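Working notes, structure below.
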Amino acid sequence: MAVKNRSILLISDFTVSGLAPFLRREIPVEVAPFDQVASVLLDPSQAAWREEPNLALVWTRPDGVVRSFGRLLRGEDVSLDQLLEETEQFIEQLTMAADRVEHLFVASWTVPPYVRGLGLLSLDPERGHAHHLLRMNLRLMELARENPKVSILDSGRWLAHAGVAGCNPKLWHMGKIAFGPAVMAQAGADVVGAICAIEGRTRKVVVVDLDDTLWGGIVGDEGWEKLRLGGHSPIGEGFAAFQSELKALQRRGVLLAIVSKNTEEVALEAIDRHPEMVLQRDDFVAWRINWSDKAQNIRDLAEELNLGLDSFVFIDDHPAERARVRAALPAVFVPDWPDDKLLYAQALTELTCFDPATLTAEDRARSEMYRAEQQRNKVQDSAQTVEAYLESLQLRVTAERLNASNLSRAVQLLNKTNQMNLATRRMTEAQFDAIHTDRCPVFVFRVADRFGEYGLTGLASITVNGNTATVTDFVVSCRVMGRGVEEAMLHVITQFAGRVGANKVEATYLPTDRNAPIKAFCDKNLGTPSSSADDHTSYSWSTAGPTWLAQHIQLDWDLAQ
Amino acid sequence: MGEPQDRGQILEIIAATLKEVDPNLGEIPEHAVLSGANAVVDSIGFVNFLVSLEQALDQRVDLASVFIEQSEVDPADSPFRTVASLTDWIADMLDA
């Protein structure tokens with residue numbers, strides 16, 4: 001696929017330019033001509049495509065693109081079959097447009113909340129407009145399942161959040177504007193969240209304060225017994241609801257951590273002993289409970305978890321602490337926070353920065369992985385030598401080809417890894433899947449040890465041309481750096497290259513601000529570069545060379561793969 | 001809130017409504033142009049602003065107003081030229 005410009009094209013049968021102000025901080029916006037949906041979707045020569053946007057959003061009214069639905073709303077007899085047939089035609093148009101971009105967002109169909117149709121019969125399976133609209137939307141959702149380049153956005157939520165005022169008929173009569181600013185604000189937030197998700201910029205860690213954030217009251221002054229949490233008071237329920245939402249985030253792979261100005265043993269006693277705590281000590285992968293500057297504590301957590309500050313969200317009830325962290329750590333997202341404790345759970349739910357493009361097994365198990373890592377660190381601290389430590393881990397590396405079951409996680413790894421990333425290519429699932437062929441395989445690597453699974457933590461893409469195999473992507477998660485996994489990956493690449501007839505392997509390092517560690521690894525293992533300049537360093541090695549596979553690694557790989 | 005409101009509150013409602021339409025707007029001075037050349041919002045934003053302002057005034061100062069007819073008068077006489085002219089016009093309606 002040709003390289004596209006990072007921008008989004010808005011395609012609509014109504015005046016949709018009111019959405020642009022809510023997107024422009026994130027991405028350049030182009031707006032297709034009003035009410036030219038079919039011709040824009042079908043015809044790549046339309047002026048709307050001239051800037052070659054990499055993303056598009058199609059947001060239409062159901063009666064605008066499925067004409068029979070408009071007739072149904074006007075009281076005519078229209079069968080569900082007729083509606084679904086026209087829906088199918090629209091889906092064909094969407095499919096053609098999806099081929100033109102890296103990702104196509106489609107807003108689900110809604111009608112304004114003041115449209116009541118037949119009232120009691122609006123959900124009637126024979127003639128109810130609301131029933132038929134649900135069926136049409138279900139077909140749209142099937143498209144997203146069939147085509148990984150398409151995602152359906154829940155516009156019903158935008159309207160529900162905005163209320164009746166979000167669809168003022170005056171807007172339509174004055175400017176063919178279907179939805180007002182309150183709907184656009186919600187749509188904009190969801191679209192920005194979706195863009196961040198498909199670009200792999202989802203936040204991974206939420207750091208919370210304790211007093212008046214995780215529970216009501218000051219534990220150091222009042223004792224854990226007096227904290228307002230759970231029970232039958234509205235405020236106690238509010239804090240318990242907030243903790244439940246944090247737990248829900250953790251279940252989908254977001255890490256929880258604590259930064260609080262408190263005495264550690266007092267705070268941990270509250271977590272361990274308060275009977276209404278939804279979150280337990282084990283739910284937090286790390287904490288800094290002390291009297292130090294919170295910004296510095298967050299920096300320390302980032303170092304401990306080996307994650308960039310741009311993975312962090314900080315939640316604190318105190319405006320001064322929020323302002324301090326915002327000023328000191330601009331990469332950390334610090335949301336405004338309501339004064340009203342009963343709204344904490346809602347405020348957390350409304351954040352779009354945790355939106356995932358996919359949910360993989362690794363995501364769901366991430367907290368367990370970090371806890372296992374803490375156990376490893378204890379073993380490392382007590383080990384006499386590095387070799388003894390690595391031997392004690394009983395590391396197993398499994399190599400396999402890219403396939404449908406590991407594609408999502410592999411693309412996450414490709415897009416999120418900065419330090420051990422040879423070329424730092426960022427790709428969508430569709431793009432990455434497209435480069436994987438028999439002659440250009442992508443290998444992915446799973447790692448486990450006696451403490452648990454690290455998950456899919458390495459990948460390498462290889463192109464074989466005659467007697468030369470070229471490694472383009474070589475990506476290793478920081479979770480397994482420095483344990484011999486990188487060398488096992490080199491071993492697999494070299495063995496594979498030799499098996500398919502290559503006698504030489506080449507790899508080119510492309511520098512970024514953050515990938516110096518992969519350069520150091522290449523310099524150590526691959527010897528003197530074959531060529532070097534400011535913008536690249538190339539290495540070359542023989543497939544007949546010595547093995548890199550360390551003795552402490554058990555490699556599960558079928559060379560015939 | 002049926003009592004006449006002070007000018008500052010009207011200015012605050014106008015500014016908040018403009019920022020609902022375009023969250024990227026910074027400080028909005030009284031001389032900010034609302035429609036036509038050099039306006040702080042484009043023509044679609046202006047329509048959104050008018051309708052949202054009607055709703056905001058109804059909710060916050062109990063002023064049931066219909067701006068659409070006023071917005072169609074000669075631009076030179078329109079109260080929607082600037083934030084200041086609109087503020088004065090609304091204040092007059094509240095005082096009436």
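By convention in this document, the chains of the structure tokens carry letters A, B, ... by their order, each chain's residues are numbered from 1, and ligands are numbered from 1 in the order they are shown.
If we count only C-alpha atoms, these residues of chain A sit within 10 Å of chain B: Thr15, Val16, Ser17, Gly18, Leu19, Ala20, Pro21, Phe22, Leu23, Arg24, Arg25, Ala165, Gly166, Asn168, Pro169, Lys170, Leu171, Trp172, Met174, Gly175, Lys176, Ile177, Phe179, Gly180, Pro181, Ala182, Met184 and Ala185 of chain A.
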Once you have the residues from the selection above, write them out as a tab-separated table (two decimals), in the first residue's frame, restricted to N, CA and C atoms.
chain	number	residue	atom	x	y	z
A	15	THR	N	-24.20	18.05	7.09
A	15	THR	CA	-23.07	18.96	7.31
A	15	THR	C	-22.31	18.48	8.54
A	16	VAL	N	-21.14	17.92	8.29
A	16	VAL	CA	-20.40	17.27	9.38
A	16	VAL	C	-19.18	18.10	9.80
A	17	SER	N	-19.03	19.29	9.19
A	17	SER	CA	-17.81	20.06	9.48
A	17	SER	C	-17.75	20.50	10.94
A	18	GLY	N	-18.89	20.49	11.65
A	18	GLY	CA	-18.88	20.83	13.07
A	18	GLY	C	-18.07	19.86	13.91
A	19	LEU	N	-17.75	18.69	13.34
A	19	LEU	CA	-16.91	17.72	14.06
A	19	LEU	C	-15.44	18.11	14.00
A	20	ALA	N	-15.06	18.82	12.94
A	20	ALA	CA	-13.64	19.10	12.71
A	20	ALA	C	-12.94	19.77	13.90
A	21	PRO	N	-13.55	20.79	14.55
A	21	PRO	CA	-12.84	21.41	15.67
A	21	PRO	C	-12.50	20.44	16.80
A	22	PHE	N	-13.25	19.34	16.89
A	22	PHE	CA	-13.00	18.38	17.98
A	22	PHE	C	-11.93	17.36	17.60
A	23	LEU	N	-11.47	17.40	16.36
A	23	LEU	CA	-10.46	16.45	15.90
A	23	LEU	C	-9.13	17.12	15.59
A	24	ARG	N	-9.15	18.43	15.28
A	24	ARG	CA	-7.96	19.07	14.70
A	24	ARG	C	-6.75	19.07	15.61
A	25	ARG	N	-6.96	19.02	16.93
A	25	ARG	CA	-5.79	18.97	17.82
A	25	ARG	C	-5.03	17.67	17.64
A	165	ALA	N	-31.35	17.88	23.16
A	165	ALA	CA	-30.84	19.11	22.56
A	165	ALA	C	-29.74	18.84	21.54
A	166	GLY	N	-29.19	17.65	21.55
A	166	GLY	CA	-28.13	17.33	20.58
A	166	GLY	C	-28.62	17.23	19.16
A	168	ASN	N	-31.28	19.24	17.53
A	168	ASN	CA	-32.28	20.29	17.38
A	168	ASN	C	-32.68	20.42	15.91
A	169	PRO	N	-33.99	20.26	15.58
A	169	PRO	CA	-34.40	20.35	14.16
A	169	PRO	C	-34.03	21.69	13.52
A	170	LYS	N	-33.85	22.74	14.35
A	170	LYS	CA	-33.46	24.04	13.79
A	170	LYS	C	-32.13	23.92	13.05
A	171	LEU	N	-31.23	23.12	13.60
A	171	LEU	CA	-29.92	22.97	12.97
A	171	LEU	C	-30.06	22.39	11.57
A	172	TRP	N	-30.98	21.46	11.44
A	172	TRP	CA	-31.17	20.84	10.12
A	172	TRP	C	-31.72	21.88	9.13
A	174	MET	N	-31.56	25.09	9.24
A	174	MET	CA	-30.67	26.24	9.00
A	174	MET	C	-29.39	25.86	8.28
A	175	GLY	N	-28.95	24.63	8.45
A	175	GLY	CA	-27.64	24.31	7.84
A	175	GLY	C	-27.44	22.86	7.48
A	176	LYS	N	-28.53	22.09	7.44
A	176	LYS	CA	-28.43	20.64	7.17
A	176	LYS	C	-27.43	19.99	8.15
A	177	ILE	N	-27.52	20.48	9.38
A	177	ILE	CA	-26.67	19.96	10.46
A	177	ILE	C	-27.51	18.97	11.25
A	179	PHE	N	-26.53	17.01	13.81
A	179	PHE	CA	-26.20	16.89	15.23
A	179	PHE	C	-25.48	18.14	15.72
A	180	GLY	N	-25.83	18.58	16.92
A	180	GLY	CA	-25.25	19.80	17.47
A	180	GLY	C	-23.91	19.57	18.14
A	181	PRO	N	-23.33	20.65	18.69
A	181	PRO	CA	-21.99	20.58	19.27
A	181	PRO	C	-21.85	19.54	20.39
A	182	ALA	N	-22.91	19.32	21.17
A	182	ALA	CA	-22.78	18.37	22.27
A	182	ALA	C	-22.56	16.95	21.74
A	184	MET	N	-21.23	16.37	18.73
A	184	MET	CA	-19.90	16.41	18.08
A	184	MET	C	-18.77	16.25	19.10
A	185	ALA	N	-18.96	16.82	20.29
A	185	ALA	CA	-17.91	16.69	21.32
A	185	ALA	C	-17.71	15.22	21.69
Contacts of segment 66-83 of chain A within 10 Å, only C-alpha atoms, excl. fewer than 2 positions in-chain, as a list in words: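 The neighbour list is Thr60, Arg61, Pro62, Asp63, Gly64, Glu85, Glu86, Thr87, Glu88, Gln89, Phe90, Val111, Val115, Arg116, Gly117, Leu118, Pro125, Glu126, Arg127, Gly128, His129, Ala130, His131, His132, Leu133, Arg135 and Met136 of chain A.
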Backbone-only DSSP, helix (DSSP H, G or I) members of chain B, as a ChimeraX atom specification: /B:7-21,43-61,68-71,83-95
Using only C-alpha atoms for the distances, tell me which of B:Leu63, B:Asp58, B:Ala15, B:Ala84 is nearest to Ala96 of chain B.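 Among B:Leu63, B:Asp58, B:Ala15, B:Ala84, it is B:Leu63 that comes nearest to Ala96 of chain B.
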